[in-house]
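Structure file input-v3.csv; described as CSV, C-alpha atoms.
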chain,number,residue,atom,x,y,z
A,29,MET,CA,-4.8,5.4,0.1
A,30,LYS,CA,-8.1,5.8,1.9
A,31,LEU,CA,-9.5,2.5,0.8
A,32,LEU,CA,-6.6,0.7,2.4
A,33,GLN,CA,-6.6,2.8,5.6
A,34,ASP,CA,-10.3,2.2,6.0
A,35,ARG,CA,-9.8,-1.6,5.6
A,36,ILE,CA,-6.9,-1.7,8.1
A,37,ARG,CA,-9.1,0.1,10.6
A,38,GLN,CA,-11.9,-2.4,9.9
A,39,ASP,CA,-10.1,-5.7,9.6
A,40,GLY,CA,-6.6,-5.2,10.8
A,41,VAL,CA,-5.8,-6.3,14.3
A,42,ALA,CA,-3.0,-4.7,16.3
A,43,LEU,CA,-1.8,-7.5,18.6
A,44,ASN,CA,0.2,-5.0,20.5
A,45,GLY,CA,2.1,-1.8,19.7
A,46,GLN,CA,4.4,-3.6,17.3
A,47,VAL,CA,2.6,-6.4,15.5
A,48,LEU,CA,-0.2,-5.8,13.1
A,49,LYS,CA,-2.3,-8.7,11.8
A,50,VAL,CA,-3.7,-8.2,8.4
A,51,ASP,CA,-4.0,-11.8,7.4
A,52,SER,CA,-7.7,-11.7,6.7
A,53,PHE,CA,-7.2,-9.5,3.6
A,54,LEU,CA,-3.5,-8.9,2.7
A,55,ASN,CA,-1.1,-11.7,3.6
A,56,HIS,CA,-2.8,-15.0,4.1
A,57,GLN,CA,-6.4,-14.6,2.9
A,58,VAL,CA,-6.1,-11.9,0.2
A,59,ASP,CA,-8.7,-9.5,-1.2
A,60,ALA,CA,-7.9,-9.7,-4.9
A,61,GLY,CA,-9.7,-6.5,-5.8
A,62,LEU,CA,-8.0,-4.5,-3.2
A,63,THR,CA,-4.6,-5.9,-4.2
A,64,MET,CA,-5.2,-4.8,-7.8
A,65,GLU,CA,-6.1,-1.3,-6.5
A,66,ILE,CA,-2.8,-1.2,-4.5
A,67,GLY,CA,-0.9,-2.1,-7.7
A,68,LYS,CA,-2.7,0.8,-9.5
A,69,ALA,CA,-1.7,3.2,-6.7
A,70,PHE,CA,1.9,2.3,-7.0
A,71,ALA,CA,1.7,2.6,-10.7
A,72,ALA,CA,0.1,6.1,-10.4
A,73,GLU,CA,3.0,7.2,-8.1
A,74,PHE,CA,5.9,5.8,-10.1
A,75,GLY,CA,4.5,5.2,-13.6
A,76,ALA,CA,6.1,8.4,-15.0
A,77,GLN,CA,9.6,7.2,-14.0
A,78,GLY,CA,10.0,4.7,-16.9
A,79,VAL,CA,9.9,1.6,-14.7
A,80,THR,CA,11.1,-1.5,-16.6
A,81,LYS,CA,10.8,-4.1,-13.8
A,82,VAL,CA,9.1,-4.5,-10.4
A,83,LEU,CA,11.1,-6.3,-7.7
A,84,THR,CA,9.8,-7.9,-4.5
A,85,ILE,CA,10.6,-10.8,-2.1
A,86,GLU,CA,8.7,-14.0,-1.6
A,87,ALA,CA,6.2,-14.7,-0.4
A,88,SER,CA,4.0,-11.9,0.9
A,89,GLY,CA,5.2,-9.3,-1.7
A,90,ILE,CA,4.4,-11.4,-4.7
A,91,HIS,CA,0.7,-10.5,-5.2
A,92,PHE,CA,1.4,-6.8,-4.8
A,93,ALA,CA,4.3,-7.1,-7.3
A,94,LEU,CA,2.0,-8.8,-9.8
A,95,ALA,CA,-0.7,-6.1,-9.4
A,96,THR,CA,1.9,-3.3,-9.8
A,97,ALA,CA,3.5,-5.0,-12.8
A,98,VAL,CA,0.1,-5.4,-14.5
A,99,ALA,CA,-0.7,-1.7,-13.9
A,100,LEU,CA,2.7,-0.7,-15.3
A,101,GLY,CA,2.8,-3.3,-18.2
A,102,VAL,CA,6.2,-4.7,-17.2
A,103,PRO,CA,7.4,-8.0,-15.7
A,104,PHE,CA,8.2,-8.5,-12.1
A,105,VAL,CA,10.9,-10.5,-10.3
A,106,TYR,CA,10.6,-12.0,-6.8
A,107,ALA,CA,13.7,-12.6,-4.8
A,108,LYS,CA,14.0,-16.1,-3.4
A,109,LYS,CA,14.8,-17.1,0.1
A,110,LYS,CA,16.1,-20.6,-0.8
A,111,LYS,CA,18.1,-21.8,-3.7
A,112,ALA,CA,15.9,-24.0,-6.0
A,113,VAL,CA,17.4,-26.8,-8.0
A,114,THR,CA,16.3,-25.0,-11.1
A,115,LEU,CA,18.3,-21.9,-10.1
A,116,THR,CA,21.5,-22.9,-11.9
A,117,GLU,CA,23.1,-19.6,-12.9
A,118,ASP,CA,24.9,-16.8,-11.1
A,119,LEU,CA,22.9,-15.1,-8.4
A,120,TYR,CA,23.0,-11.8,-6.5
A,121,THR,CA,22.7,-12.9,-2.9
A,122,VAL,CA,22.4,-10.8,0.2
A,123,PRO,CA,21.6,-11.6,3.9
A,124,VAL,CA,18.3,-10.3,5.3
A,125,HIS,CA,17.1,-10.4,8.9
A,126,SER,CA,13.4,-11.0,9.4
A,127,PHE,CA,11.8,-9.1,12.3
A,128,THR,CA,8.7,-11.2,12.0
A,129,ARG,CA,10.5,-14.6,11.9
A,130,GLY,CA,13.4,-13.7,14.2
A,131,GLU,CA,16.0,-15.2,11.8
A,132,THR,CA,18.5,-14.2,9.1
A,133,PHE,CA,18.3,-15.8,5.7
A,134,ASN,CA,19.9,-15.3,2.3
A,135,VAL,CA,17.8,-13.7,-0.5
A,136,SER,CA,18.8,-14.2,-4.1
A,137,VAL,CA,18.0,-12.9,-7.6
A,138,SER,CA,19.3,-14.5,-10.7
A,139,LYS,CA,21.8,-12.1,-12.5
A,140,ARG,CA,19.9,-12.8,-15.7
A,141,TYR,CA,16.8,-10.9,-14.5
A,142,LEU,CA,18.3,-7.6,-13.4
A,143,GLN,CA,20.3,-5.7,-15.9
A,144,ALA,CA,22.3,-2.4,-15.7
A,145,GLU,CA,19.8,-0.8,-18.1
A,146,ASP,CA,16.7,-1.7,-15.9
A,147,ARG,CA,14.8,0.9,-14.0
A,148,VAL,CA,13.5,-1.0,-10.9
A,149,LEU,CA,10.6,-0.3,-8.6
A,150,ILE,CA,10.8,-2.3,-5.4
A,151,VAL,CA,7.4,-3.2,-3.7
A,152,ASP,CA,6.7,-5.1,-0.5
A,153,ASP,CA,3.8,-5.6,1.9
A,154,PHE,CA,5.5,-3.9,5.0
A,155,LEU,CA,8.0,-1.2,5.7
A,156,ALA,CA,9.0,-1.7,9.3
A,157,THR,CA,12.6,-2.3,10.2
A,158,GLY,CA,13.4,-1.9,6.5
A,159,ASP,CA,15.7,-4.9,6.5
A,160,ALA,CA,14.0,-6.7,3.6
A,161,LEU,CA,13.8,-3.6,1.5
A,162,LEU,CA,17.5,-2.7,2.2
A,163,GLY,CA,18.4,-6.2,1.0
A,164,LEU,CA,16.4,-5.7,-2.2
A,165,GLN,CA,18.0,-2.3,-2.6
A,166,GLU,CA,21.4,-3.9,-2.3
A,167,ILE,CA,20.6,-6.4,-4.9
A,168,VAL,CA,19.6,-3.6,-7.3
A,169,ARG,CA,22.8,-1.8,-6.5
A,170,LEU,CA,24.9,-5.0,-7.2
A,171,SER,CA,23.1,-5.3,-10.6
A,172,GLY,CA,23.9,-1.8,-11.7
A,173,ALA,CA,20.2,-1.1,-12.4
A,174,HIS,CA,18.6,2.2,-11.5
A,175,LEU,CA,16.4,2.2,-8.4
A,176,VAL,CA,13.3,4.3,-9.2
A,177,GLY,CA,11.8,4.0,-5.7
A,178,ILE,CA,10.2,1.8,-3.1
A,179,GLY,CA,6.5,1.2,-2.6
A,180,ALA,CA,5.3,-0.2,0.7
A,181,VAL,CA,1.7,-1.2,1.2
A,182,ILE,CA,1.8,-0.6,5.0
A,183,GLU,CA,4.4,1.4,6.8
A,184,LYS,CA,5.0,1.2,10.6
A,185,SER,CA,6.2,4.7,10.8
A,186,PHE,CA,7.2,4.3,14.4
A,187,GLN,CA,9.9,1.8,13.4
A,188,GLU,CA,13.3,2.7,12.0
A,189,GLY,CA,12.9,1.4,8.4
A,190,ARG,CA,11.9,4.7,6.6
A,191,ALA,CA,14.8,6.6,8.2
A,192,LYS,CA,17.3,3.9,7.2
A,193,LEU,CA,16.1,3.8,3.6
A,194,GLU,CA,15.8,7.6,3.3
A,195,ALA,CA,19.4,7.9,4.3
A,196,THR,CA,20.2,6.2,1.0
A,197,GLY,CA,18.3,8.9,-0.9
A,198,VAL,CA,15.6,6.6,-2.3
A,199,LYS,CA,12.1,7.8,-2.8
A,200,ILE,CA,9.6,5.9,-0.7
A,201,HIS,CA,5.8,5.8,-1.1
A,202,SER,CA,3.7,4.0,1.5
A,203,LEU,CA,0.0,3.6,1.0
A,204,ALA,CA,-0.9,3.4,4.7
A,205,ARG,CA,1.5,5.0,7.3
A,206,ILE,CA,0.7,3.9,10.8
A,207,LYS,CA,1.9,6.5,13.3
A,208,SER,CA,0.9,4.4,16.3
A,209,MET,CA,-1.3,1.5,17.2
A,210,SER,CA,-2.6,-0.7,20.0
A,211,PRO,CA,-5.4,-3.2,20.3
A,212,GLU,CA,-7.6,-0.2,21.1
A,213,HIS,CA,-6.5,2.4,18.6
A,214,MET,CA,-4.9,3.0,15.2
A,215,GLU,CA,-3.5,6.3,14.1
A,216,PHE,CA,-2.3,7.1,10.5
A,217,LEU,CA,0.1,9.7,9.3
A,218,GLU,CA,-1.6,11.5,6.5
A,219,GLU,CA,0.1,11.3,3.1
A,220,GLU,CA,0.4,15.1,3.0
A,221,SER,CA,3.0,14.9,5.7
A,222,LEU,CA,5.4,13.3,3.2
A,223,THR,CA,6.0,16.7,1.6
A,224,PRO,CA,5.9,19.5,4.1
A,225,VAL,CA,4.0,22.5,2.7
A,226,ALA,CA,5.4,25.9,3.4
A,227,THR,CA,3.2,28.0,5.7
A,228,LYS,CA,2.5,31.7,5.2
B,12,MET,CA,-3.6,-23.1,-23.6
B,13,LYS,CA,-1.6,-22.4,-26.8
B,14,LEU,CA,-0.1,-19.1,-25.6
B,15,LEU,CA,1.4,-20.9,-22.6
B,16,GLN,CA,2.6,-23.9,-24.6
B,17,ASP,CA,4.3,-21.7,-27.2
B,18,ARG,CA,6.0,-19.7,-24.4
B,19,ILE,CA,7.3,-22.9,-22.8
B,20,ARG,CA,8.7,-24.1,-26.1
B,21,GLN,CA,10.3,-20.7,-26.6
B,22,ASP,CA,11.6,-19.8,-23.1
B,23,GLY,CA,11.3,-23.0,-21.0
B,24,VAL,CA,14.5,-25.0,-20.5
B,25,ALA,CA,14.4,-28.7,-19.8
B,26,LEU,CA,17.5,-29.3,-17.8
B,27,ASN,CA,16.9,-33.0,-18.2
B,28,GLY,CA,13.9,-35.3,-18.5
B,29,GLN,CA,12.6,-34.3,-15.1
B,30,VAL,CA,13.4,-30.7,-14.3
B,31,LEU,CA,11.9,-27.8,-16.3
B,32,LYS,CA,13.2,-24.3,-15.8
B,33,VAL,CA,10.6,-21.6,-16.4
B,34,ASP,CA,12.1,-19.0,-14.2
B,35,SER,CA,12.4,-16.4,-17.0
B,36,PHE,CA,8.6,-16.0,-17.2
B,37,LEU,CA,6.7,-18.0,-14.5
B,38,ASN,CA,8.4,-18.5,-11.2
B,39,HIS,CA,11.3,-16.0,-10.6
B,40,GLN,CA,10.9,-13.4,-13.3
B,41,VAL,CA,7.2,-13.4,-14.1
B,42,ASP,CA,5.3,-12.2,-17.2
B,43,ALA,CA,2.5,-10.3,-15.6
B,44,GLY,CA,0.2,-10.3,-18.7
B,45,LEU,CA,0.6,-14.0,-19.3
B,46,THR,CA,-0.1,-14.6,-15.6
B,47,MET,CA,-3.4,-12.7,-15.9
B,48,GLU,CA,-4.3,-14.8,-19.0
B,49,ILE,CA,-3.6,-18.0,-17.0
B,50,GLY,CA,-6.0,-16.7,-14.3
B,51,LYS,CA,-8.7,-16.1,-17.0
B,52,ALA,CA,-8.2,-19.6,-18.3
B,53,PHE,CA,-8.8,-21.2,-14.9
B,54,ALA,CA,-11.8,-19.0,-14.4
B,55,ALA,CA,-13.2,-20.0,-17.8
B,56,GLU,CA,-12.8,-23.7,-16.8
B,57,PHE,CA,-14.2,-23.5,-13.3
B,58,GLY,CA,-16.2,-20.3,-13.2
B,59,ALA,CA,-19.5,-22.0,-13.6
B,60,GLN,CA,-18.9,-24.0,-10.4
B,61,GLY,CA,-19.7,-21.3,-7.9
B,62,VAL,CA,-16.2,-21.0,-6.6
B,63,THR,CA,-16.0,-18.8,-3.4
B,64,LYS,CA,-12.3,-19.1,-2.8
B,65,VAL,CA,-9.0,-19.9,-4.6
B,66,LEU,CA,-6.4,-21.8,-2.5
B,67,THR,CA,-2.7,-22.1,-3.3
B,68,ILE,CA,0.6,-22.5,-1.5
B,69,GLU,CA,3.4,-20.0,-1.1
B,70,ALA,CA,5.4,-18.9,-2.9
B,71,SER,CA,5.2,-19.8,-6.6
B,72,GLY,CA,1.4,-20.3,-6.6
B,73,ILE,CA,0.6,-16.9,-5.3
B,74,HIS,CA,0.5,-14.9,-8.5
B,75,PHE,CA,-1.6,-17.5,-10.3
B,76,ALA,CA,-4.0,-17.5,-7.4
B,77,LEU,CA,-4.3,-13.7,-7.5
B,78,ALA,CA,-4.9,-13.8,-11.3
B,79,THR,CA,-7.5,-16.5,-10.9
B,80,ALA,CA,-9.2,-14.8,-8.0
B,81,VAL,CA,-9.4,-11.5,-9.9
B,82,ALA,CA,-11.0,-13.3,-12.9
B,83,LEU,CA,-13.5,-15.0,-10.6
B,84,GLY,CA,-14.1,-12.0,-8.3
B,85,VAL,CA,-13.4,-13.9,-5.1
B,86,PRO,CA,-10.6,-13.8,-2.5
B,87,PHE,CA,-7.7,-16.2,-2.4
B,88,VAL,CA,-5.8,-17.9,0.4
B,89,TYR,CA,-2.2,-19.0,0.3
B,90,ALA,CA,-1.1,-21.8,2.6
B,91,LYS,CA,2.0,-21.0,4.6
B,92,LYS,CA,5.1,-23.1,5.0
B,93,LYS,CA,6.2,-21.5,8.3
B,94,LYS,CA,4.2,-20.3,11.2
B,95,ALA,CA,4.3,-16.5,11.4
B,96,VAL,CA,4.2,-14.7,14.7
B,97,THR,CA,0.9,-13.1,13.5
B,98,LEU,CA,-0.7,-16.5,12.9
B,99,THR,CA,-2.2,-16.8,16.4
B,100,GLU,CA,-5.3,-18.9,15.8
B,101,ASP,CA,-6.0,-22.5,15.1
B,102,LEU,CA,-4.6,-23.9,11.9
B,103,TYR,CA,-5.2,-26.8,9.5
B,104,THR,CA,-1.6,-28.2,9.1
B,105,VAL,CA,-0.5,-31.0,6.8
B,106,PRO,CA,3.0,-32.3,5.9
B,107,VAL,CA,4.1,-31.9,2.3
B,108,HIS,CA,7.2,-33.4,0.6
B,109,SER,CA,8.8,-31.1,-1.9
B,110,PHE,CA,10.3,-32.9,-5.0
B,111,THR,CA,12.2,-29.7,-6.0
B,112,ARG,CA,13.6,-29.0,-2.6
B,113,GLY,CA,14.1,-32.6,-1.4
B,114,GLU,CA,12.6,-31.9,2.0
B,115,THR,CA,9.3,-32.3,3.9
B,116,PHE,CA,7.7,-29.3,5.6
B,117,ASN,CA,4.4,-28.4,7.2
B,118,VAL,CA,1.8,-26.4,5.3
B,119,SER,CA,-0.8,-24.4,7.2
B,120,VAL,CA,-4.0,-22.5,6.6
B,121,SER,CA,-5.9,-20.6,9.3
B,122,LYS,CA,-9.2,-22.2,10.1
B,123,ARG,CA,-10.8,-18.8,9.9
B,124,TYR,CA,-10.3,-18.7,6.1
B,125,LEU,CA,-11.7,-22.0,5.0
B,126,GLN,CA,-15.3,-22.6,6.0
B,127,ALA,CA,-17.6,-25.6,5.4
B,128,GLU,CA,-19.7,-23.5,3.1
B,129,ASP,CA,-16.8,-22.6,0.8
B,130,ARG,CA,-16.4,-23.9,-2.7
B,131,VAL,CA,-12.7,-24.1,-3.2
B,132,LEU,CA,-10.6,-24.0,-6.4
B,133,ILE,CA,-7.0,-25.1,-5.8
B,134,VAL,CA,-4.3,-23.7,-8.2
B,135,ASP,CA,-0.6,-24.1,-8.3
B,136,ASP,CA,2.3,-23.7,-10.8
B,137,PHE,CA,3.2,-27.3,-11.2
B,138,LEU,CA,1.5,-30.7,-11.1
B,139,ALA,CA,4.3,-33.2,-10.9
B,140,THR,CA,4.5,-35.6,-8.0
B,141,GLY,CA,1.2,-34.1,-6.8
B,142,ASP,CA,2.4,-33.9,-3.2
B,143,ALA,CA,1.7,-30.2,-2.7
B,144,LEU,CA,-1.7,-30.4,-4.3
B,145,LEU,CA,-2.6,-33.5,-2.2
B,146,GLY,CA,-1.6,-31.5,0.9
B,147,LEU,CA,-3.9,-28.6,-0.2
B,148,GLN,CA,-6.7,-31.1,-1.0
B,149,GLU,CA,-6.3,-32.6,2.6
B,150,ILE,CA,-6.6,-29.1,4.0
B,151,VAL,CA,-9.8,-28.5,2.1
B,152,ARG,CA,-11.1,-31.9,3.4
B,153,LEU,CA,-10.3,-31.0,7.0
B,154,SER,CA,-12.2,-27.7,6.6
B,155,GLY,CA,-15.3,-29.4,5.4
B,156,ALA,CA,-15.4,-27.1,2.3
B,157,HIS,CA,-16.3,-28.4,-1.2
B,158,LEU,CA,-13.4,-28.9,-3.5
B,159,VAL,CA,-14.5,-27.7,-7.0
B,160,GLY,CA,-11.3,-28.7,-8.8
B,161,ILE,CA,-7.6,-28.3,-9.3
B,162,GLY,CA,-5.9,-26.0,-11.8
B,163,ALA,CA,-2.2,-26.5,-12.6
B,164,VAL,CA,-0.3,-24.2,-14.9
B,165,ILE,CA,2.1,-26.9,-16.0
B,166,GLU,CA,1.7,-30.6,-15.7
B,167,LYS,CA,4.5,-33.1,-16.0
B,168,SER,CA,2.3,-35.8,-17.3
B,169,PHE,CA,5.1,-38.4,-17.1
B,170,GLN,CA,5.1,-38.1,-13.3
B,171,GLU,CA,2.6,-39.7,-11.0
B,172,GLY,CA,0.8,-36.7,-9.7
B,173,ARG,CA,-2.3,-36.7,-11.9
B,174,ALA,CA,-3.0,-40.4,-11.3
B,175,LYS,CA,-2.7,-39.9,-7.5
B,176,LEU,CA,-5.1,-36.9,-7.6
B,177,GLU,CA,-7.6,-38.5,-10.0
B,178,ALA,CA,-7.8,-41.4,-7.7
B,179,THR,CA,-9.5,-39.1,-5.2
B,180,GLY,CA,-12.1,-38.2,-7.9
B,181,VAL,CA,-11.2,-34.5,-8.2
B,182,LYS,CA,-11.4,-32.7,-11.5
B,183,ILE,CA,-8.0,-31.5,-12.8
B,184,HIS,CA,-7.4,-28.9,-15.5
B,185,SER,CA,-3.8,-28.3,-16.6
B,186,LEU,CA,-3.0,-25.5,-19.0
B,187,ALA,CA,0.1,-27.2,-20.5
B,188,ARG,CA,0.6,-31.0,-20.2
B,189,ILE,CA,4.1,-32.1,-20.9
B,190,LYS,CA,4.2,-35.6,-22.2
B,191,SER,CA,8.0,-35.8,-22.4
B,192,MET,CA,10.9,-33.4,-22.5
B,193,SER,CA,14.7,-33.3,-22.8
B,194,PRO,CA,17.1,-30.4,-23.5
B,195,GLU,CA,16.4,-31.2,-27.2
B,196,HIS,CA,12.7,-31.7,-27.4
B,197,MET,CA,9.4,-30.8,-25.7
B,198,GLU,CA,6.2,-32.8,-26.4
B,199,PHE,CA,2.8,-31.8,-25.1
B,200,LEU,CA,-0.3,-33.8,-24.6
B,201,GLU,CA,-3.2,-32.1,-26.4
B,202,GLU,CA,-6.0,-31.0,-24.2
B,203,GLU,CA,-8.4,-33.1,-26.3
B,204,SER,CA,-6.8,-36.2,-24.9
B,205,LEU,CA,-8.3,-35.4,-21.5
B,206,THR,CA,-11.7,-36.6,-22.8
B,207,PRO,CA,-11.2,-39.5,-25.2
B,208,VAL,CA,-13.4,-39.2,-28.3
B,209,ALA,CA,-15.0,-42.4,-29.5
B,210,THR,CA,-13.7,-43.4,-32.9
B,211,LYS,CA,-15.9,-44.8,-35.7
What does the file become when written as structure tokens?
Amino acid sequence: MKLLQDRIRQDGVALNGQVLKVDSFLNHQVDAGLTMEIGKAFAAEFGAQGVTKVLTIEASGIHFALATAVALGVPFVYAKKKKAVTLTEDLYTVPVHSFTRGETFNVSVSKRYLQAEDRVLIVDDFLATGDALLGLQEIVRLSGAHLVGIGAVIEKSFQEGRAKLEATGVKIHSLARIKSMSPEHMEFLEEESLTPVATK
Amino acid sequence: MKLLQDRIRQDGVALNGQVLKVDSFLNHQVDAGLTMEIGKAFAAEFGAQGVTKVLTIEASGIHFALATAVALGVPFVYAKKKKAVTLTEDLYTVPVHSFTRGETFNVSVSKRYLQAEDRVLIVDDFLATGDALLGLQEIVRLSGAHLVGIGAVIEKSFQEGRAKLEATGVKIHSLARIKSMSPEHMEFLEEESLTPVATK
């Protein structure tokens, strides 16, 4: 997604080779128009798959899930990191380790909101270690629903997340795939590299 | 907002006189279309005030902030409950007590994303005790920005939040004001009651 890659080059800040700061437009202050375009891009990629529900994890996936759900005309569900007093029914709960926070926490979805007949698209802001997405994928598996695919806004392709997820056979679509970065440079993998083209 | 009140009557569950469960359509599973209508309603109420930024708090305010920001054509900012490793700059931080969680936590916004020249609309899912909204209001005050008003999706009018906020002089607009509730009944205050009409 060129619009997003350009914005990352312009406003993203690589603190080092591992940590990318995008909190001026994606995950603290948020560009609302760009977010809706991101939702349209996920819908364009997965819209033909009969998605019935978008699934994400609080907090930084929520706006992308809404944008995608609006574009697809379906509801979304966000997995919760803490049990609320209003969450009274049975839950699917899995442990997730957060690379950014350096801690492990439980993530839950009410059994009422994922059914075996659902076709689920998972979206999140980052694909890095893949731990949060693997947790969401496990929740979908527990529910018996069909996982259509995973949409990540930004992929740190130099981390192990994509390989771990691809090992499960799931289709992944990332809108900006960072091959490498530093405070001085930012290199993207082109989307074409996702599907190798046979050469003559 | 009749659409919202009808939906609360239909799908909301009052667990008792204090706790309203709306997690089938507002804060766990989310009706994307209804959320965008909620954003339009806030924009219709506050759009003439020159809002430059929408402010909310993670996690359950984020989708309403996006919907409102889209309708107004401005960015939104969500206050964070934990310090991320990517939050490296100076923060406005205030303590907030959560009625639902029964705990006090710090809420932070980067100083970069609220400026003295901003005109801020605060939105959140619930106005109940008012503690989260008072915290956001304090962050706006610390930043020197102008607070245009507060939009709450659901107000528990039988709790003290509105009175505490109104004491500060801020304009509040709630889309569904619950006068009283129980597992058997749900009574709304009509929006007309916000502005008392002189009788003959």
Check: which chain A residues lie within 9 Å of chain B using all atoms listed in the file, as a PyMOL selection string: chain A and resi 43+47-53+55-61+63-64+86-88+90-95+97-98+101-108+110-115+128-129+137-138+140-141
Closest of B:Arg188, B:Arg18, B:Ala127, B:Asn27 to Leu153 (chain B) - atom-to-atom distances counting all atoms listed in the file: B:Ala127
Superposition RMSD [C-alpha atoms, order-paired], chain A onto chain B: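 0.2 Å is the C-alpha RMSD between the two chains.
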Exercise: Gly179 (chain A) partners within 6 Å, only C-alpha atoms, chain neighbours under 5 positions left out, as a list in words: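 Once the adjacent positions are removed, what remains is Val151, Ile200, His201 and Ser202 of chain A.
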Separation of CA of Gly197 (chain A) from CA of Val168 (chain A), in Å and rounded to one decimal: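 According to the coordinates, CA of Gly197 (chain A) and CA of Val168 (chain A) are separated by 14.1 Å.
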Interatomic distance, CA of Met12 (chain B) to CA of Gly58 (chain B) (Å, one decimal): 16.6 Å
Pairwise distance for CA of Gly141 (chain B) and CA of Val62 (chain B), rounded to one decimal in Å: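 Distance reported for this atom pair: 21.8 Å.
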Pick from B:Ala139, B:Gly155, B:Gln29, B:Arg20 nearest to Ser193 (chain B), counting only C-alpha atoms: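 Closest to Ser193 (chain B), using only C-alpha atoms: B:Gln29.
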For Leu158 (chain B), the nearest of the candidates B:Ser119, B:Gln21, B:Thr63, B:Gln170, counting all atoms listed in the file: B:Thr63
Given all atoms listed in the file as the counted atoms, nearest of B:Tyr103, B:Phe199, B:Phe169, B:Phe53 to Asp135 (chain B):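 Closest to Asp135 (chain B), using all atoms listed in the file: B:Phe53.
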